[in-house]
Amino acid sequence: MTPPRGVLPLPESFGWREGGLAVEGKSLSDLAERFGTPLYVTSEGRIRSNARRLRTAFRSRWPAHRVLYAVKANSNPAIVRLLRDEGCGADCSSPSEIRIARSAGVPATEILYTAAYPSEEELGGALDAGVAINLDDPDLLPRLLRIGHPTTLSFRLNPGRTDAGPEGLRFAGRGSKFGASLPRALKGYREARAAGITELGLHTMPGSNVLSAEHFGRVGAFLGKAVRAVRRVTGQTPRFADAGGGLGVPYRSTERPLDLDDAAARLTTALRREGEPTDGLELWNEPGRYLVADSTVLICRVTHVKEGSPPIVGTDAGMQTLLRPALYGAYHEIYPVAGYGKGPGRAVTLTGPICENTDILGRGRRLPSLAPGDLLAVGTAGAYGFSMASQYNTRPRPAEVLVGSRGARVIRTRETYDDLLRSVPAREMGVVAE
Ligand code: LLP
């Protein structure tokens with residue numbers, strides 16, 4: 001069975017089987033029966049093939065290449081372990097992400113800690129963990145050095161305005177909260193060198209979900225120029241240039257996928273050209289979305305259909321389960337799990353159970369006629385899906401299931417009422433009136 005025109009083709013590992021959606025041969029309806037909804041279902045195979053494709057694209061062009069998985073995209077320890085098994089290090093943005101990466105077997109030397117506006121306590125924790133530290137501002141350096149000396153240090157550079165990627169996902173330019181301009185950062189490199197730190201790196205992260213390969217050429221050129229400038233002030237080639245994340249994936253059928261080989265070719269060519277001589281320079285990438293986004297669907301169940309114009313279909317997954325549509329107006333494809341066989345379909349608005357008018361999963365979606373109990377699958381939900389889920393409206397967060405070589409297994413259980421109140425002291429709980 002094939003979905004109608006205009007619907008995003010499913011990534012490998014997903015498919016239509018016996019009239020319904022399946023992942024790695026397991027029917028999504030069966031998984032929903034077994035584990036309940038809403039449910040995040042992830043394909044191990046798809047994560048592995050994303051990781052291999054990425055590694056090959058870069059390593060073939062830059063042998064001293066390293067992939068650091070951006071743990072914030074999905075910090076489930078099973079996923080981090082899987083990516084470690086594929087050879088990834090970790091890009092961490094909080095003390096807990098460092099702990100998760102370490103317990104997934106990532107050595108401290110393959111972890112980069114990039115915190116925006118970290119407290120001294122957090123900086124101290126990163127120093128104790130022995131990870132490489134990426135500072136957002138050179139003025140943080142004296143504060144860091146009062147606590148201790150990192151072995152490996154980099155600065156996050158703001159390359160100036162970028163038009164790449166969706167508007168809410170641009171992190172560079174004037175007024176952005178991230179990074180330092182190159183001239184400003186050079187002061188930090190001088191001070192770091194004077195303080196005896198020899199393993200220095202460069203980092204930039206101008207935007208996320210970028211589908212144009214040209215953008216990565218610009219990132220490579222910027223990093224190359226920065227490598228030369230840092231060499232000028234420190235007298236040595238930095239150990240690594242980290243191009244951040246940003247590799248995009250298509251969320252809708254009208255989007256052309258990123259040409260990964262072209263992006264890798266442009267990035268590495270520009271870095272070599274502008275950063276010469278680059279012998280000994282490692283190239284790092286910190287992808288989150290590219291590795292996990294299309295590995296996962298979110299299964300939800302229709303709770304009610306309110307007739308009207310347009311009809312509004314309620315589901316048990318809302319902005320508390322998947323925040324991206326409400327927060328960024330992000331588009332996610334929505335598939336009927338039982339297939340497209342039930343008539344011509346009509347355009348509906350999909351919403352969740354949250355008391356906010358922005359709790360919308362999608363508008364104008366042409367779907368077959370739906371009734372309470374029917375299942376829907378929200379596509380491309382693996383990056384910034386569960387990791388941005390909340391307990392808003394005092395709703396337990398969903399379960400996560402990983403489907404792969406060991407069958408389908410729960411990698412995070414569904415929260416319960418007790419979980420919601422775990423941090424409330426018992427004395428504050430009152431007595432249930434029976
Ligand atoms: N490195 C750093 C320092 C980052 O801040 C990020 C993402 C990444 C790597 C990974 O970027 P990626 O490869 O995923 O583009 N919540 C948004 C995305 C925010 C990304 C924040 N930083 C979303 O739902 O699309």
# chains A, B, ... in the order shown; residues from 1 in each chain; ligands from 1
$ closest_atom_pairs --of "chain A" --to "ligand 1" --cutoff "9 Å" --atoms "only C-alpha atoms and all ligand atoms" --output "CSV"
residue,atom,partner,partner_atom_place_in_ligand_line,distance
A:Leu68,CA,ligand 1,9 (C),8.4
A:Tyr69,CA,ligand 1,9 (C),7.7
A:Ala70,CA,ligand 1,10 (C),5.0
A:Val71,CA,ligand 1,10 (C),8.0
A:Lys72,CA,ligand 1,7 (C),7.1
A:Ala73,CA,ligand 1,14 (O),6.0
A:Asp91,CA,ligand 1,1 (N),6.3
A:Cys92,CA,ligand 1,3 (C),7.9
A:Ser93,CA,ligand 1,3 (C),7.3
A:Tyr113,CA,ligand 1,3 (C),8.5
A:Thr114,CA,ligand 1,3 (C),5.7
A:Ala115,CA,ligand 1,3 (C),7.8
A:Ala116,CA,ligand 1,5 (O),8.6
A:Asn134,CA,ligand 1,3 (C),8.9
A:Arg156,CA,ligand 1,3 (C),8.2
A:Pro166,CA,ligand 1,25 (O),8.8
A:Gly168,CA,ligand 1,17 (C),8.1
A:Leu169,CA,ligand 1,19 (C),6.2
A:Arg170,CA,ligand 1,20 (C),8.9
A:Phe171,CA,ligand 1,5 (O),8.2
A:Phe178,CA,ligand 1,5 (O),8.9
A:His203,CA,ligand 1,3 (C),8.3
A:Thr204,CA,ligand 1,3 (C),7.6
A:Met205,CA,ligand 1,3 (C),5.8
A:Pro206,CA,ligand 1,5 (O),8.9
A:Gly207,CA,ligand 1,15 (O),6.7
A:Ser208,CA,ligand 1,15 (O),3.7
A:Asn209,CA,ligand 1,15 (O),5.1
A:Val210,CA,ligand 1,15 (O),7.5
A:Ala243,CA,ligand 1,1 (N),8.5
A:Gly244,CA,ligand 1,1 (N),4.7
A:Gly245,CA,ligand 1,13 (O),3.4
A:Gly246,CA,ligand 1,15 (O),3.3
A:Leu247,CA,ligand 1,13 (O),5.4
A:Gly248,CA,ligand 1,15 (O),6.5
A:Asn285,CA,ligand 1,9 (C),7.9
A:Glu286,CA,ligand 1,9 (C),4.7
A:Pro287,CA,ligand 1,13 (O),3.4
A:Gly288,CA,ligand 1,14 (O),3.6
A:Arg289,CA,ligand 1,14 (O),3.8
A:Tyr290,CA,ligand 1,13 (O),5.9
A:Leu291,CA,ligand 1,13 (O),7.9
A:Val292,CA,ligand 1,14 (O),8.8
A:Ala293,CA,ligand 1,14 (O),8.5
A:Leu323,CA,ligand 1,24 (O),7.7
A:Arg324,CA,ligand 1,24 (O),5.2
A:Pro325,CA,ligand 1,24 (O),8.6
A:Leu327,CA,ligand 1,24 (O),8.2
A:Tyr328,CA,ligand 1,24 (O),7.5
A:Ala330,CA,ligand 1,25 (O),7.8
A:Ala383,CA,ligand 1,24 (O),6.7
A:Tyr384,CA,ligand 1,24 (O),4.6
A:Gly385,CA,ligand 1,24 (O),7.1
A:Ser387,CA,ligand 1,16 (N),8.7
A:Met388,CA,ligand 1,16 (N),7.4
$ closest_atom_pairs --of "stretch 337-358 of chain A" --to "stretch 30-45 of chain A" --cutoff "12 Å" --atoms "only C-alpha atoms" --output "CSV"
residue,atom,partner,partner_atom,distance
A:Val337,CA,A:Ala32,CA,10.1
A:Ala338,CA,A:Asp30,CA,11.0
A:Gly352,CA,A:Pro38,CA,10.6
A:Pro353,CA,A:Pro38,CA,11.6
$ closest_atom_pairs --of "stretch 16-126 of chain A" --to "stretch 263-278 of chain A" --cutoff "8 Å" --atoms "only C-alpha atoms" --output "tab-separated table"
residue	atom	partner	partner_atom	distance
A:Ala57	CA	A:Ala264	CA	6.1
A:Phe58	CA	A:Ala264	CA	5.6
A:Arg61	CA	A:Thr268	CA	6.7
A:Trp62	CA	A:Thr268	CA	6.8
$ write_last_selection --atoms "all heavy atoms" --output "mmCIF file, in the first residue's frame"
data_model
loop_
_atom_site.group_PDB
_atom_site.id
_atom_site.type_symbol
_atom_site.label_atom_id
_atom_site.label_comp_id
_atom_site.auth_asym_id
_atom_site.auth_seq_id
_atom_site.Cartn_x
_atom_site.Cartn_y
_atom_site.Cartn_z
ATOM 1 N N ALA A 57 30.430 9.646 4.742
ATOM 2 C CA ALA A 57 30.467 10.889 3.961
ATOM 3 C C ALA A 57 31.630 11.783 4.406
ATOM 4 O O ALA A 57 32.299 12.404 3.579
ATOM 5 C CB ALA A 57 29.150 11.638 4.095
ATOM 6 N N PHE A 58 31.848 11.849 5.714
ATOM 7 C CA PHE A 58 32.895 12.758 6.196
ATOM 8 C C PHE A 58 34.267 12.094 6.243
ATOM 9 O O PHE A 58 35.265 12.686 5.850
ATOM 10 C CB PHE A 58 32.519 13.333 7.565
ATOM 11 C CG PHE A 58 31.537 14.465 7.453
ATOM 12 C CD1 PHE A 58 30.174 14.247 7.550
ATOM 13 C CD2 PHE A 58 31.988 15.760 7.207
ATOM 14 C CE1 PHE A 58 29.275 15.289 7.417
ATOM 15 C CE2 PHE A 58 31.094 16.812 7.080
ATOM 16 C CZ PHE A 58 29.728 16.572 7.181
ATOM 17 N N ARG A 61 36.404 11.973 3.280
ATOM 18 C CA ARG A 61 36.958 13.262 2.837
ATOM 19 C C ARG A 61 37.875 13.902 3.872
ATOM 20 O O ARG A 61 38.617 14.830 3.565
ATOM 21 C CB ARG A 61 35.813 14.230 2.521
ATOM 22 C CG ARG A 61 34.938 13.713 1.414
ATOM 23 C CD ARG A 61 33.742 14.600 1.162
ATOM 24 N NE ARG A 61 33.122 14.220 -0.084
ATOM 25 C CZ ARG A 61 32.126 13.340 -0.192
ATOM 26 N NH1 ARG A 61 31.624 12.770 0.887
ATOM 27 N NH2 ARG A 61 31.631 13.032 -1.378
ATOM 28 N N TRP A 62 37.746 13.454 5.099
ATOM 29 C CA TRP A 62 38.579 14.015 6.188
ATOM 30 C C TRP A 62 38.845 12.878 7.169
ATOM 31 O O TRP A 62 38.055 12.654 8.097
ATOM 32 C CB TRP A 62 37.840 15.181 6.873
ATOM 33 C CG TRP A 62 38.784 16.065 7.637
ATOM 34 C CD1 TRP A 62 39.398 15.777 8.811
ATOM 35 C CD2 TRP A 62 39.233 17.373 7.245
ATOM 36 N NE1 TRP A 62 40.205 16.827 9.183
ATOM 37 C CE2 TRP A 62 40.118 17.819 8.250
ATOM 38 C CE3 TRP A 62 38.977 18.202 6.159
ATOM 39 C CZ2 TRP A 62 40.735 19.065 8.193
ATOM 40 C CZ3 TRP A 62 39.592 19.438 6.105
ATOM 41 C CH2 TRP A 62 40.468 19.858 7.116
#
$ residues_around --residues "A:Leu367" --least-positions-apart "2" --cutoff "9 Å" --atoms "only C-alpha atoms" --output "PyMOL selection string"
chain A and resi 334-336+340+344-348+365+369-370
$ select_by_dssp --residues "stretch 165-338 of chain A" --states "alpha helix (DSSP H)" --output "PyMOL selection string"
chain A and resi 182-194+213-234+260-275+289-292+324-328
$ select_by_dssp --residues "stretch 350-425 of chain A" --states "strand (DSSP E or B)" --output "PDB file with N, CA, C and O atoms, in the first residue's frame"
ATOM      1  N   LEU A 350      -5.617  18.571  13.550  1.00  0.00           N
ATOM      2  CA  LEU A 350      -5.338  17.583  14.605  1.00  0.00           C
ATOM      3  C   LEU A 350      -4.858  18.296  15.842  1.00  0.00           C
ATOM      4  O   LEU A 350      -3.985  19.183  15.764  1.00  0.00           O
ATOM      5  N   THR A 351      -5.415  17.912  16.976  1.00  0.00           N
ATOM      6  CA  THR A 351      -5.048  18.572  18.219  1.00  0.00           C
ATOM      7  C   THR A 351      -4.826  17.534  19.312  1.00  0.00           C
ATOM      8  O   THR A 351      -5.075  16.348  19.100  1.00  0.00           O
ATOM      9  N   ILE A 360      -1.730  22.244  18.680  1.00  0.00           N
ATOM     10  CA  ILE A 360      -2.133  21.758  17.352  1.00  0.00           C
ATOM     11  C   ILE A 360      -1.014  20.870  16.820  1.00  0.00           C
ATOM     12  O   ILE A 360       0.154  21.258  16.835  1.00  0.00           O
ATOM     13  N   LEU A 361      -1.365  19.688  16.355  1.00  0.00           N
ATOM     14  CA  LEU A 361      -0.341  18.809  15.744  1.00  0.00           C
ATOM     15  C   LEU A 361      -0.212  19.070  14.260  1.00  0.00           C
ATOM     16  O   LEU A 361       0.839  18.852  13.656  1.00  0.00           O
ATOM     17  N   GLY A 362      -1.295  19.491  13.639  1.00  0.00           N
ATOM     18  CA  GLY A 362      -1.246  19.766  12.201  1.00  0.00           C
ATOM     19  C   GLY A 362      -2.589  20.307  11.743  1.00  0.00           C
ATOM     20  O   GLY A 362      -3.620  20.022  12.362  1.00  0.00           O
ATOM     21  N   ARG A 363      -2.554  21.124  10.698  1.00  0.00           N
ATOM     22  CA  ARG A 363      -3.803  21.668  10.136  1.00  0.00           C
ATOM     23  C   ARG A 363      -3.907  21.273   8.681  1.00  0.00           C
ATOM     24  O   ARG A 363      -2.888  21.097   8.010  1.00  0.00           O
ATOM     25  N   GLY A 364      -5.121  21.201   8.190  1.00  0.00           N
ATOM     26  CA  GLY A 364      -5.347  20.937   6.770  1.00  0.00           C
ATOM     27  C   GLY A 364      -4.780  19.606   6.319  1.00  0.00           C
ATOM     28  O   GLY A 364      -4.319  19.486   5.191  1.00  0.00           O
ATOM     29  N   ARG A 365      -4.819  18.601   7.181  1.00  0.00           N
ATOM     30  CA  ARG A 365      -4.269  17.283   6.818  1.00  0.00           C
ATOM     31  C   ARG A 365      -5.368  16.421   6.216  1.00  0.00           C
ATOM     32  O   ARG A 365      -6.410  16.205   6.845  1.00  0.00           O
ATOM     33  N   ARG A 366      -5.089  15.943   5.007  1.00  0.00           N
ATOM     34  CA  ARG A 366      -6.076  15.104   4.331  1.00  0.00           C
ATOM     35  C   ARG A 366      -5.908  13.668   4.815  1.00  0.00           C
ATOM     36  O   ARG A 366      -4.920  13.019   4.545  1.00  0.00           O
ATOM     37  N   LEU A 367      -6.893  13.211   5.585  1.00  0.00           N
ATOM     38  CA  LEU A 367      -6.812  11.869   6.162  1.00  0.00           C
ATOM     39  C   LEU A 367      -8.128  11.139   5.908  1.00  0.00           C
ATOM     40  O   LEU A 367      -9.171  11.782   5.772  1.00  0.00           O
ATOM     41  N   LEU A 375      -5.756   4.751  15.158  1.00  0.00           N
ATOM     42  CA  LEU A 375      -4.375   5.119  15.480  1.00  0.00           C
ATOM     43  C   LEU A 375      -3.772   5.993  14.385  1.00  0.00           C
ATOM     44  O   LEU A 375      -4.014   5.764  13.191  1.00  0.00           O
ATOM     45  N   LEU A 376      -2.969   6.956  14.803  1.00  0.00           N
ATOM     46  CA  LEU A 376      -2.220   7.802  13.863  1.00  0.00           C
ATOM     47  C   LEU A 376      -0.748   7.715  14.224  1.00  0.00           C
ATOM     48  O   LEU A 376      -0.390   7.477  15.386  1.00  0.00           O
ATOM     49  N   ALA A 377       0.101   7.909  13.229  1.00  0.00           N
ATOM     50  CA  ALA A 377       1.545   7.943  13.492  1.00  0.00           C
ATOM     51  C   ALA A 377       2.075   9.295  13.029  1.00  0.00           C
ATOM     52  O   ALA A 377       1.839   9.701  11.890  1.00  0.00           O
ATOM     53  N   VAL A 378       2.752   9.985  13.915  1.00  0.00           N
ATOM     54  CA  VAL A 378       3.361  11.269  13.578  1.00  0.00           C
ATOM     55  C   VAL A 378       4.802  10.971  13.185  1.00  0.00           C
ATOM     56  O   VAL A 378       5.552  10.358  13.961  1.00  0.00           O
ATOM     57  N   ALA A 399       5.725   6.467  26.877  1.00  0.00           N
ATOM     58  CA  ALA A 399       6.778   5.440  26.871  1.00  0.00           C
ATOM     59  C   ALA A 399       7.563   5.532  25.567  1.00  0.00           C
ATOM     60  O   ALA A 399       7.096   6.119  24.581  1.00  0.00           O
ATOM     61  N   GLU A 400       8.777   4.960  25.581  1.00  0.00           N
ATOM     62  CA  GLU A 400       9.596   4.855  24.366  1.00  0.00           C
ATOM     63  C   GLU A 400       9.924   3.375  24.148  1.00  0.00           C
ATOM     64  O   GLU A 400      10.318   2.687  25.100  1.00  0.00           O
ATOM     65  N   VAL A 401       9.780   2.949  22.895  1.00  0.00           N
ATOM     66  CA  VAL A 401      10.069   1.560  22.541  1.00  0.00           C
ATOM     67  C   VAL A 401      11.112   1.563  21.422  1.00  0.00           C
ATOM     68  O   VAL A 401      11.031   2.371  20.496  1.00  0.00           O
ATOM     69  N   LEU A 402      12.086   0.668  21.548  1.00  0.00           N
ATOM     70  CA  LEU A 402      13.111   0.534  20.500  1.00  0.00           C
ATOM     71  C   LEU A 402      12.893  -0.798  19.798  1.00  0.00           C
ATOM     72  O   LEU A 402      12.792  -1.840  20.447  1.00  0.00           O
ATOM     73  N   VAL A 403      12.804  -0.740  18.468  1.00  0.00           N
ATOM     74  CA  VAL A 403      12.603  -1.963  17.701  1.00  0.00           C
ATOM     75  C   VAL A 403      13.887  -2.242  16.927  1.00  0.00           C
ATOM     76  O   VAL A 403      14.393  -1.364  16.219  1.00  0.00           O
ATOM     77  N   GLY A 404      14.394  -3.461  17.097  1.00  0.00           N
ATOM     78  CA  GLY A 404      15.650  -3.754  16.412  1.00  0.00           C
ATOM     79  C   GLY A 404      16.001  -5.209  16.514  1.00  0.00           C
ATOM     80  O   GLY A 404      15.116  -6.071  16.641  1.00  0.00           O
ATOM     81  N   GLY A 407      14.247  -7.465  18.945  1.00  0.00           N
ATOM     82  CA  GLY A 407      12.792  -7.349  18.984  1.00  0.00           C
ATOM     83  C   GLY A 407      12.381  -5.952  19.418  1.00  0.00           C
ATOM     84  O   GLY A 407      13.148  -4.997  19.266  1.00  0.00           O
ATOM     85  N   ALA A 408      11.180  -5.852  20.002  1.00  0.00           N
ATOM     86  CA  ALA A 408      10.687  -4.545  20.462  1.00  0.00           C
ATOM     87  C   ALA A 408      10.831  -4.508  21.960  1.00  0.00           C
ATOM     88  O   ALA A 408      10.327  -5.385  22.660  1.00  0.00           O
ATOM     89  N   ARG A 409      11.544  -3.498  22.469  1.00  0.00           N
ATOM     90  CA  ARG A 409      11.690  -3.446  23.925  1.00  0.00           C
ATOM     91  C   ARG A 409      11.483  -2.015  24.430  1.00  0.00           C
ATOM     92  O   ARG A 409      11.791  -1.043  23.726  1.00  0.00           O
ATOM     93  N   VAL A 410      10.943  -1.950  25.627  1.00  0.00           N
ATOM     94  CA  VAL A 410      10.686  -0.646  26.243  1.00  0.00           C
ATOM     95  C   VAL A 410      12.017  -0.057  26.681  1.00  0.00           C
ATOM     96  O   VAL A 410      12.782  -0.710  27.392  1.00  0.00           O
ATOM     97  N   ILE A 411      12.314   1.164  26.235  1.00  0.00           N
ATOM     98  CA  ILE A 411      13.542   1.806  26.716  1.00  0.00           C
ATOM     99  C   ILE A 411      13.206   2.963  27.665  1.00  0.00           C
ATOM    100  O   ILE A 411      14.084   3.592  28.219  1.00  0.00           O
ATOM    101  N   ARG A 412      11.929   3.232  27.803  1.00  0.00           N
ATOM    102  CA  ARG A 412      11.492   4.144  28.866  1.00  0.00           C
ATOM    103  C   ARG A 412      10.022   3.822  29.144  1.00  0.00           C
ATOM    104  O   ARG A 412       9.224   3.784  28.222  1.00  0.00           O
TER     105      ARG A 412
END
$ atom_distance --atom1 "atom CA of A:Ala108" --atom2 "atom CA of A:Leu135"
16.9 Å
$ closest_residue --among "A:Arg397, A:Arg193, A:Lys225, A:Arg256" --to "A:His149" --atoms "only C-alpha atoms"
A:Arg193
$ residues_around --residues "A:Ala126" --least-positions-apart "6" --cutoff "12 Å" --atoms "only C-alpha atoms" --output "number ranges by chain"
A: 92-99, 102, 108-109, 111-115, 118-120, 132-135, 144, 147-153
$ residues_around --residues "A:Trp284" --least-positions-apart "5" --cutoff "7 Å" --atoms "only C-alpha atoms" --output "MDAnalysis selection string"
chainID A and resid 65:67 240:243
$ residues_around --residues "stretch 421-433 of chain A" --least-positions-apart "3" --cutoff "12 Å" --atoms "only C-alpha atoms" --output "mmCIF file with C-alpha atoms, in the first residue's frame"
data_model
loop_
_atom_site.group_PDB
_atom_site.id
_atom_site.type_symbol
_atom_site.label_atom_id
_atom_site.label_comp_id
_atom_site.auth_asym_id
_atom_site.auth_seq_id
_atom_site.Cartn_x
_atom_site.Cartn_y
_atom_site.Cartn_z
ATOM 1 C CA GLN A 391 4.120 17.007 32.168
ATOM 2 C CA THR A 394 -0.186 17.130 34.898
ATOM 3 C CA ARG A 395 0.016 14.397 32.297
ATOM 4 C CA PRO A 396 2.547 11.573 32.571
ATOM 5 C CA GLU A 415 5.139 7.660 33.627
ATOM 6 C CA THR A 416 2.468 7.142 36.247
ATOM 7 C CA TYR A 417 0.554 9.400 38.604
ATOM 8 C CA ASP A 418 3.098 8.532 41.295
#
$ residues_around --residues "A:Val80" --least-positions-apart "5" --cutoff "10 Å" --atoms "only C-alpha atoms" --output "compact mmCIF listing (two decimals) with C-alpha atoms, in the first residue's frame"
# COMPACT_ATOMS: atom_id res chain seq x y z
CA TYR A 69 26.06 12.82 18.94
CA ALA A 70 24.13 15.85 20.24
CA VAL A 71 22.52 14.12 23.20
CA ASN A 74 17.17 12.26 22.35
CA SER A 75 18.93 11.55 25.60
CA ASP A 85 28.28 1.36 19.46
CA GLU A 86 28.39 3.10 16.08
CA CYS A 88 30.00 8.30 18.21
CA GLY A 89 31.25 10.54 20.98
CA ALA A 90 28.85 12.98 22.63
CA GLU A 97 23.81 14.64 29.62
CA ILE A 100 24.28 9.73 30.51
CA ALA A 101 27.07 9.77 27.92
CA ARG A 102 29.63 8.51 30.41
CA SER A 103 27.41 5.67 31.54
CA ALA A 104 26.73 4.78 27.90
CA GLY A 105 30.45 4.14 27.64
CA VAL A 106 31.57 7.36 25.95
$ closest_residue --among "A:Arg301, A:Arg231, A:Lys187, A:His332" --to "A:Leu8" --atoms "only C-alpha atoms"
A:His332
$ atom_distance --atom1 "atom CA of A:Val233" --atom2 "atom CA of A:Leu202"
13.4 Å
$ closest_residue --among "A:Gly130, A:Val219, A:Asp139, A:Arg414" --to "A:Thr162" --atoms "only C-alpha atoms"
A:Val219
$ atom_distance --atom1 "atom CA of A:Ser390" --atom2 "atom CA of A:Asp359"
13.0 Å
